[in-house]
Amino acid sequence: MSENLAFVEIAFDHALPERYVRDLLTTYTAGLTVAELGRRIRTAADCRQAADAAHCALDALIRSGTAEHVKVGPTRIVRLVVEVKA
């Protein structure tokens, strides 16, 4: 099944910017390009502080190992890390 990158409405909660980022990355399981992720954060957040909080939440997810930032061809992708359990 191919993944449609149509704009999906995901509510932005100012109190929980990490949840917004997780919801985006969960919805688009293959990940989103860095540019597309930034665009969706800017579109959903109604102010600079909210967008900055979401970007900080994304950085925290990457640092904790929950999400990863990888290069696929010429494109940089951010996606959730899926753990394989034995």
# chains A, B, ... in the order shown; residues from 1 in each chain; ligands from 1
$ residues_around --residues "Leu37 of chain A" --least-positions-apart "2" --cutoff "10 Å" --atoms "only C-alpha atoms" --output "list in words"
Val21, Leu24, Leu25, Gly31, Leu32, Thr33, Val34, Ala35, Arg39, Arg40, Ile41, Arg42, Thr43, His55, Leu58, Ile77 and Val78 of chain A
$ write_last_selection --atoms "C-alpha atoms" --output "PDB file, in the first residue's frame"
ATOM      1  CA  VAL A  21       5.305  15.592  16.597  1.00  0.00           C
ATOM      2  CA  LEU A  24       2.756  13.289  12.770  1.00  0.00           C
ATOM      3  CA  LEU A  25       5.488  10.660  12.715  1.00  0.00           C
ATOM      4  CA  GLY A  31       8.724   9.409   7.965  1.00  0.00           C
ATOM      5  CA  LEU A  32       8.589  12.934   6.641  1.00  0.00           C
ATOM      6  CA  THR A  33      11.264  14.995   4.991  1.00  0.00           C
ATOM      7  CA  VAL A  34      12.838  17.595   7.240  1.00  0.00           C
ATOM      8  CA  ALA A  35      11.361  20.361   5.067  1.00  0.00           C
ATOM      9  CA  ARG A  39       6.258  23.136   7.104  1.00  0.00           C
ATOM     10  CA  ARG A  40       3.607  21.142   8.961  1.00  0.00           C
ATOM     11  CA  ILE A  41       4.845  22.416  12.327  1.00  0.00           C
ATOM     12  CA  ARG A  42       4.785  26.036  11.107  1.00  0.00           C
ATOM     13  CA  THR A  43       1.292  25.545   9.654  1.00  0.00           C
ATOM     14  CA  HIS A  55      11.094  21.662  17.151  1.00  0.00           C
ATOM     15  CA  LEU A  58      11.476  16.760  17.919  1.00  0.00           C
ATOM     16  CA  ILE A  77      13.981  11.979   6.578  1.00  0.00           C
ATOM     17  CA  VAL A  78      12.771  12.006  10.185  1.00  0.00           C
TER      18      VAL A  78
END
$ closest_residue --among "A:Ala30, A:Gly73, A:Ala11, A:Arg79" --to "Asp46 of chain A" --atoms "only C-alpha atoms"
A:Ala11
$ closest_atom_pairs --of "segment 38-82 of chain A" --to "segment 13-16 of chain A" --cutoff "10 Å" --atoms "only C-alpha atoms" --output "JSON lines"
{"residue": "A:Ala44", "atom": "CA", "partner": "A:Asp13", "partner_atom": "CA", "distance": 9.3}
{"residue": "A:Ala45", "atom": "CA", "partner": "A:His14", "partner_atom": "CA", "distance": 8.0}
{"residue": "A:Asp46", "atom": "CA", "partner": "A:His14", "partner_atom": "CA", "distance": 9.4}
{"residue": "A:Cys47", "atom": "CA", "partner": "A:His14", "partner_atom": "CA", "distance": 10.0}
{"residue": "A:Gln49", "atom": "CA", "partner": "A:His14", "partner_atom": "CA", "distance": 9.3}
{"residue": "A:Ala50", "atom": "CA", "partner": "A:His14", "partner_atom": "CA", "distance": 6.3}
{"residue": "A:Ala51", "atom": "CA", "partner": "A:His14", "partner_atom": "CA", "distance": 9.3}
{"residue": "A:Ala53", "atom": "CA", "partner": "A:His14", "partner_atom": "CA", "distance": 8.4}
{"residue": "A:Ala54", "atom": "CA", "partner": "A:Leu16", "partner_atom": "CA", "distance": 8.5}
{"residue": "A:Ala57", "atom": "CA", "partner": "A:Leu16", "partner_atom": "CA", "distance": 9.0}
$ closest_residue --among "A:Thr29, A:Leu80, A:Arg48, A:Glu36" --to "Ser64 of chain A" --atoms "only C-alpha atoms"
A:Leu80
$ select_by_dssp --residues "segment 38-74 of chain A" --states "strand (DSSP E)" --output "PyMOL selection string"
chain A and resi 67-72
$ write_last_selection --atoms "C-alpha atoms" --output "PDB file, in the first residue's frame"
ATOM      1  CA  ALA A  67      13.025   9.083  16.410  1.00  0.00           C
ATOM      2  CA  GLU A  68      15.855   9.096  13.910  1.00  0.00           C
ATOM      3  CA  HIS A  69      17.140  11.490  11.307  1.00  0.00           C
ATOM      4  CA  VAL A  70      18.419   9.601   8.252  1.00  0.00           C
ATOM      5  CA  LYS A  71      19.534  10.410   4.742  1.00  0.00           C
ATOM      6  CA  VAL A  72      17.683   8.573   1.974  1.00  0.00           C
TER       7      VAL A  72
END
$ atom_distance --atom1 "atom CA of Tyr20 of chain A" --atom2 "atom CA of Arg76 of chain A"
20.0 Å
$ select_by_dssp --residues "chain A" --states "alpha helix (DSSP H)" --output "number ranges by chain"
A: 17-27, 34-44, 48-64
$ write_last_selection --atoms "N, CA and C atoms" --output "compact mmCIF listing (two decimals), in the first residue's frame"
# COMPACT_ATOMS: atom_id res chain seq x y z
N PRO A 17 3.56 19.80 22.81
CA PRO A 17 4.10 19.83 21.45
C PRO A 17 4.72 18.50 21.03
N GLU A 18 5.25 17.73 22.00
CA GLU A 18 5.84 16.43 21.66
C GLU A 18 4.77 15.49 21.11
N ARG A 19 3.57 15.58 21.65
CA ARG A 19 2.49 14.70 21.17
C ARG A 19 2.15 15.01 19.71
N TYR A 20 2.17 16.29 19.34
CA TYR A 20 1.91 16.66 17.95
C TYR A 20 2.96 16.04 17.03
N VAL A 21 4.22 16.15 17.42
CA VAL A 21 5.31 15.59 16.60
C VAL A 21 5.18 14.08 16.52
N ARG A 22 4.91 13.42 17.64
CA ARG A 22 4.72 11.95 17.64
C ARG A 22 3.55 11.55 16.75
N ASP A 23 2.44 12.30 16.86
CA ASP A 23 1.27 11.99 16.03
C ASP A 23 1.59 12.11 14.54
N LEU A 24 2.35 13.15 14.17
CA LEU A 24 2.76 13.29 12.77
C LEU A 24 3.59 12.10 12.32
N LEU A 25 4.59 11.74 13.11
CA LEU A 25 5.49 10.66 12.71
C LEU A 25 4.81 9.30 12.79
N THR A 26 3.79 9.17 13.63
CA THR A 26 3.03 7.92 13.69
C THR A 26 2.11 7.81 12.48
N THR A 27 1.53 8.92 12.07
CA THR A 27 0.63 8.94 10.90
C THR A 27 1.40 8.61 9.63
N VAL A 34 12.60 16.54 6.27
CA VAL A 34 12.84 17.59 7.24
C VAL A 34 12.06 18.85 6.83
N ALA A 35 12.08 19.17 5.55
CA ALA A 35 11.36 20.36 5.07
C ALA A 35 9.85 20.23 5.27
N GLU A 36 9.30 19.06 4.96
CA GLU A 36 7.85 18.85 5.11
C GLU A 36 7.45 18.88 6.58
N LEU A 37 8.25 18.28 7.43
CA LEU A 37 7.97 18.29 8.86
C LEU A 37 7.98 19.72 9.39
N GLY A 38 8.96 20.49 8.99
CA GLY A 38 9.03 21.90 9.39
C GLY A 38 7.83 22.70 8.90
N ARG A 39 7.41 22.44 7.67
CA ARG A 39 6.26 23.14 7.10
C ARG A 39 4.99 22.81 7.89
N ARG A 40 4.81 21.55 8.22
CA ARG A 40 3.61 21.14 8.96
C ARG A 40 3.61 21.72 10.37
N ILE A 41 4.77 21.80 11.00
CA ILE A 41 4.84 22.42 12.33
C ILE A 41 4.50 23.89 12.24
N ARG A 42 5.08 24.60 11.27
CA ARG A 42 4.78 26.04 11.11
C ARG A 42 3.31 26.28 10.81
N THR A 43 2.71 25.39 10.01
CA THR A 43 1.29 25.55 9.65
C THR A 43 0.40 25.31 10.87
N ALA A 44 0.72 24.32 11.68
CA ALA A 44 -0.13 23.97 12.83
C ALA A 44 0.05 24.93 14.00
N ARG A 48 5.42 31.70 16.92
CA ARG A 48 6.82 31.27 16.85
C ARG A 48 7.20 30.41 18.06
N GLN A 49 6.70 30.77 19.25
CA GLN A 49 7.05 30.02 20.45
C GLN A 49 6.52 28.59 20.39
N ALA A 50 5.32 28.42 19.86
CA ALA A 50 4.75 27.07 19.74
C ALA A 50 5.55 26.24 18.73
N ALA A 51 5.94 26.86 17.62
CA ALA A 51 6.75 26.15 16.62
C ALA A 51 8.11 25.78 17.20
N ASP A 52 8.71 26.70 17.95
CA ASP A 52 10.01 26.41 18.58
C ASP A 52 9.89 25.26 19.58
N ALA A 53 8.78 25.23 20.33
CA ALA A 53 8.56 24.15 21.31
C ALA A 53 8.43 22.81 20.60
N ALA A 54 7.76 22.78 19.45
CA ALA A 54 7.61 21.54 18.69
C ALA A 54 8.96 21.09 18.13
N HIS A 55 9.76 22.03 17.65
CA HIS A 55 11.09 21.66 17.15
C HIS A 55 11.98 21.15 18.28
N CYS A 56 11.88 21.74 19.47
CA CYS A 56 12.63 21.24 20.63
C CYS A 56 12.16 19.84 21.01
N ALA A 57 10.85 19.60 20.92
CA ALA A 57 10.32 18.26 21.22
C ALA A 57 10.85 17.25 20.21
N LEU A 58 10.92 17.64 18.95
CA LEU A 58 11.48 16.76 17.92
C LEU A 58 12.95 16.46 18.22
N ASP A 59 13.71 17.47 18.56
CA ASP A 59 15.13 17.26 18.91
C ASP A 59 15.26 16.30 20.09
N ALA A 60 14.38 16.44 21.08
CA ALA A 60 14.42 15.55 22.25
C ALA A 60 14.10 14.11 21.85
N LEU A 61 13.14 13.92 20.94
CA LEU A 61 12.81 12.58 20.47
C LEU A 61 14.00 11.94 19.74
N ILE A 62 14.71 12.74 18.95
CA ILE A 62 15.88 12.23 18.23
C ILE A 62 17.00 11.89 19.21
N ARG A 63 17.27 12.79 20.16
CA ARG A 63 18.33 12.54 21.15
C ARG A 63 18.04 11.32 22.02
N SER A 64 16.76 11.08 22.31
CA SER A 64 16.41 9.94 23.16
C SER A 64 16.41 8.61 22.40
$ decode --residues "segment 44-72 of chain A" --atoms "N, CA, C and O atoms" --output "PDB file, in the first residue's frame"
ATOM      1  N   ALA A  44       0.716  24.325  11.680  1.00  0.00           N
ATOM      2  CA  ALA A  44      -0.133  23.974  12.825  1.00  0.00           C
ATOM      3  C   ALA A  44       0.045  24.932  13.997  1.00  0.00           C
ATOM      4  O   ALA A  44      -0.919  25.251  14.689  1.00  0.00           O
ATOM      5  N   ALA A  45       1.262  25.373  14.229  1.00  0.00           N
ATOM      6  CA  ALA A  45       1.534  26.268  15.362  1.00  0.00           C
ATOM      7  C   ALA A  45       1.136  27.688  14.960  1.00  0.00           C
ATOM      8  O   ALA A  45       1.450  28.136  13.868  1.00  0.00           O
ATOM      9  N   ASP A  46       0.462  28.384  15.847  1.00  0.00           N
ATOM     10  CA  ASP A  46      -0.008  29.717  15.500  1.00  0.00           C
ATOM     11  C   ASP A  46       0.940  30.826  15.938  1.00  0.00           C
ATOM     12  O   ASP A  46       0.642  31.999  15.756  1.00  0.00           O
ATOM     13  N   CYS A  47       2.073  30.445  16.524  1.00  0.00           N
ATOM     14  CA  CYS A  47       3.050  31.456  16.919  1.00  0.00           C
ATOM     15  C   CYS A  47       4.452  30.843  16.905  1.00  0.00           C
ATOM     16  O   CYS A  47       4.620  29.627  16.876  1.00  0.00           O
ATOM     17  N   ARG A  48       5.418  31.698  16.920  1.00  0.00           N
ATOM     18  CA  ARG A  48       6.816  31.273  16.854  1.00  0.00           C
ATOM     19  C   ARG A  48       7.204  30.407  18.055  1.00  0.00           C
ATOM     20  O   ARG A  48       7.924  29.424  17.928  1.00  0.00           O
ATOM     21  N   GLN A  49       6.704  30.774  19.245  1.00  0.00           N
ATOM     22  CA  GLN A  49       7.048  30.023  20.452  1.00  0.00           C
ATOM     23  C   GLN A  49       6.525  28.592  20.385  1.00  0.00           C
ATOM     24  O   GLN A  49       7.210  27.653  20.801  1.00  0.00           O
ATOM     25  N   ALA A  50       5.321  28.415  19.860  1.00  0.00           N
ATOM     26  CA  ALA A  50       4.753  27.069  19.736  1.00  0.00           C
ATOM     27  C   ALA A  50       5.550  26.244  18.735  1.00  0.00           C
ATOM     28  O   ALA A  50       5.820  25.062  18.963  1.00  0.00           O
ATOM     29  N   ALA A  51       5.941  26.858  17.618  1.00  0.00           N
ATOM     30  CA  ALA A  51       6.746  26.154  16.618  1.00  0.00           C
ATOM     31  C   ALA A  51       8.107  25.779  17.203  1.00  0.00           C
ATOM     32  O   ALA A  51       8.596  24.658  16.999  1.00  0.00           O
ATOM     33  N   ASP A  52       8.715  26.699  17.948  1.00  0.00           N
ATOM     34  CA  ASP A  52      10.008  26.412  18.583  1.00  0.00           C
ATOM     35  C   ASP A  52       9.885  25.263  19.580  1.00  0.00           C
ATOM     36  O   ASP A  52      10.758  24.407  19.667  1.00  0.00           O
ATOM     37  N   ALA A  53       8.776  25.229  20.334  1.00  0.00           N
ATOM     38  CA  ALA A  53       8.558  24.151  21.310  1.00  0.00           C
ATOM     39  C   ALA A  53       8.427  22.810  20.598  1.00  0.00           C
ATOM     40  O   ALA A  53       8.953  21.791  21.065  1.00  0.00           O
ATOM     41  N   ALA A  54       7.757  22.785  19.452  1.00  0.00           N
ATOM     42  CA  ALA A  54       7.612  21.540  18.689  1.00  0.00           C
ATOM     43  C   ALA A  54       8.957  21.086  18.132  1.00  0.00           C
ATOM     44  O   ALA A  54       9.276  19.894  18.142  1.00  0.00           O
ATOM     45  N   HIS A  55       9.763  22.027  17.651  1.00  0.00           N
ATOM     46  CA  HIS A  55      11.094  21.662  17.151  1.00  0.00           C
ATOM     47  C   HIS A  55      11.978  21.147  18.283  1.00  0.00           C
ATOM     48  O   HIS A  55      12.751  20.197  18.088  1.00  0.00           O
ATOM     49  N   CYS A  56      11.875  21.741  19.466  1.00  0.00           N
ATOM     50  CA  CYS A  56      12.628  21.244  20.630  1.00  0.00           C
ATOM     51  C   CYS A  56      12.164  19.839  21.010  1.00  0.00           C
ATOM     52  O   CYS A  56      12.980  18.987  21.358  1.00  0.00           O
ATOM     53  N   ALA A  57      10.848  19.602  20.922  1.00  0.00           N
ATOM     54  CA  ALA A  57      10.320  18.265  21.218  1.00  0.00           C
ATOM     55  C   ALA A  57      10.851  17.254  20.213  1.00  0.00           C
ATOM     56  O   ALA A  57      11.207  16.129  20.581  1.00  0.00           O
ATOM     57  N   LEU A  58      10.921  17.643  18.948  1.00  0.00           N
ATOM     58  CA  LEU A  58      11.476  16.760  17.919  1.00  0.00           C
ATOM     59  C   LEU A  58      12.946  16.457  18.217  1.00  0.00           C
ATOM     60  O   LEU A  58      13.368  15.295  18.152  1.00  0.00           O
ATOM     61  N   ASP A  59      13.715  17.474  18.557  1.00  0.00           N
ATOM     62  CA  ASP A  59      15.126  17.262  18.913  1.00  0.00           C
ATOM     63  C   ASP A  59      15.258  16.298  20.086  1.00  0.00           C
ATOM     64  O   ASP A  59      16.136  15.426  20.086  1.00  0.00           O
ATOM     65  N   ALA A  60      14.378  16.442  21.084  1.00  0.00           N
ATOM     66  CA  ALA A  60      14.421  15.551  22.248  1.00  0.00           C
ATOM     67  C   ALA A  60      14.095  14.110  21.852  1.00  0.00           C
ATOM     68  O   ALA A  60      14.720  13.174  22.357  1.00  0.00           O
ATOM     69  N   LEU A  61      13.139  13.924  20.938  1.00  0.00           N
ATOM     70  CA  LEU A  61      12.812  12.576  20.465  1.00  0.00           C
ATOM     71  C   LEU A  61      14.004  11.943  19.738  1.00  0.00           C
ATOM     72  O   LEU A  61      14.283  10.758  19.904  1.00  0.00           O
ATOM     73  N   ILE A  62      14.707  12.738  18.954  1.00  0.00           N
ATOM     74  CA  ILE A  62      15.880  12.227  18.230  1.00  0.00           C
ATOM     75  C   ILE A  62      17.001  11.894  19.215  1.00  0.00           C
ATOM     76  O   ILE A  62      17.613  10.830  19.140  1.00  0.00           O
ATOM     77  N   ARG A  63      17.267  12.792  20.164  1.00  0.00           N
ATOM     78  CA  ARG A  63      18.332  12.545  21.152  1.00  0.00           C
ATOM     79  C   ARG A  63      18.042  11.322  22.017  1.00  0.00           C
ATOM     80  O   ARG A  63      18.959  10.604  22.394  1.00  0.00           O
ATOM     81  N   SER A  64      16.760  11.077  22.312  1.00  0.00           N
ATOM     82  CA  SER A  64      16.409   9.938  23.162  1.00  0.00           C
ATOM     83  C   SER A  64      16.406   8.614  22.399  1.00  0.00           C
ATOM     84  O   SER A  64      16.301   7.551  22.995  1.00  0.00           O
ATOM     85  N   GLY A  65      16.490   8.685  21.069  1.00  0.00           N
ATOM     86  CA  GLY A  65      16.483   7.467  20.267  1.00  0.00           C
ATOM     87  C   GLY A  65      15.095   7.023  19.852  1.00  0.00           C
ATOM     88  O   GLY A  65      14.941   5.997  19.206  1.00  0.00           O
ATOM     89  N   THR A  66      14.066   7.782  20.207  1.00  0.00           N
ATOM     90  CA  THR A  66      12.697   7.455  19.832  1.00  0.00           C
ATOM     91  C   THR A  66      12.450   7.723  18.351  1.00  0.00           C
ATOM     92  O   THR A  66      11.693   7.019  17.696  1.00  0.00           O
ATOM     93  N   ALA A  67      13.110   8.747  17.834  1.00  0.00           N
ATOM     94  CA  ALA A  67      13.025   9.083  16.410  1.00  0.00           C
ATOM     95  C   ALA A  67      14.446   9.118  15.850  1.00  0.00           C
ATOM     96  O   ALA A  67      15.418   9.210  16.605  1.00  0.00           O
ATOM     97  N   GLU A  68      14.532   9.035  14.536  1.00  0.00           N
ATOM     98  CA  GLU A  68      15.855   9.096  13.910  1.00  0.00           C
ATOM     99  C   GLU A  68      15.803  10.029  12.709  1.00  0.00           C
ATOM    100  O   GLU A  68      14.770  10.223  12.086  1.00  0.00           O
ATOM    101  N   HIS A  69      16.955  10.570  12.413  1.00  0.00           N
ATOM    102  CA  HIS A  69      17.140  11.490  11.307  1.00  0.00           C
ATOM    103  C   HIS A  69      18.102  10.790  10.355  1.00  0.00           C
ATOM    104  O   HIS A  69      19.247  10.558  10.704  1.00  0.00           O
ATOM    105  N   VAL A  70      17.600  10.377   9.178  1.00  0.00           N
ATOM    106  CA  VAL A  70      18.419   9.601   8.252  1.00  0.00           C
ATOM    107  C   VAL A  70      18.438  10.249   6.877  1.00  0.00           C
ATOM    108  O   VAL A  70      17.550  11.023   6.534  1.00  0.00           O
ATOM    109  N   LYS A  71      19.436   9.919   6.110  1.00  0.00           N
ATOM    110  CA  LYS A  71      19.534  10.410   4.742  1.00  0.00           C
ATOM    111  C   LYS A  71      19.140   9.279   3.803  1.00  0.00           C
ATOM    112  O   LYS A  71      19.710   8.189   3.856  1.00  0.00           O
ATOM    113  N   VAL A  72      18.146   9.540   2.965  1.00  0.00           N
ATOM    114  CA  VAL A  72      17.683   8.573   1.974  1.00  0.00           C
ATOM    115  C   VAL A  72      17.886   9.234   0.615  1.00  0.00           C
ATOM    116  O   VAL A  72      17.138  10.137   0.245  1.00  0.00           O
TER     117      VAL A  72
END
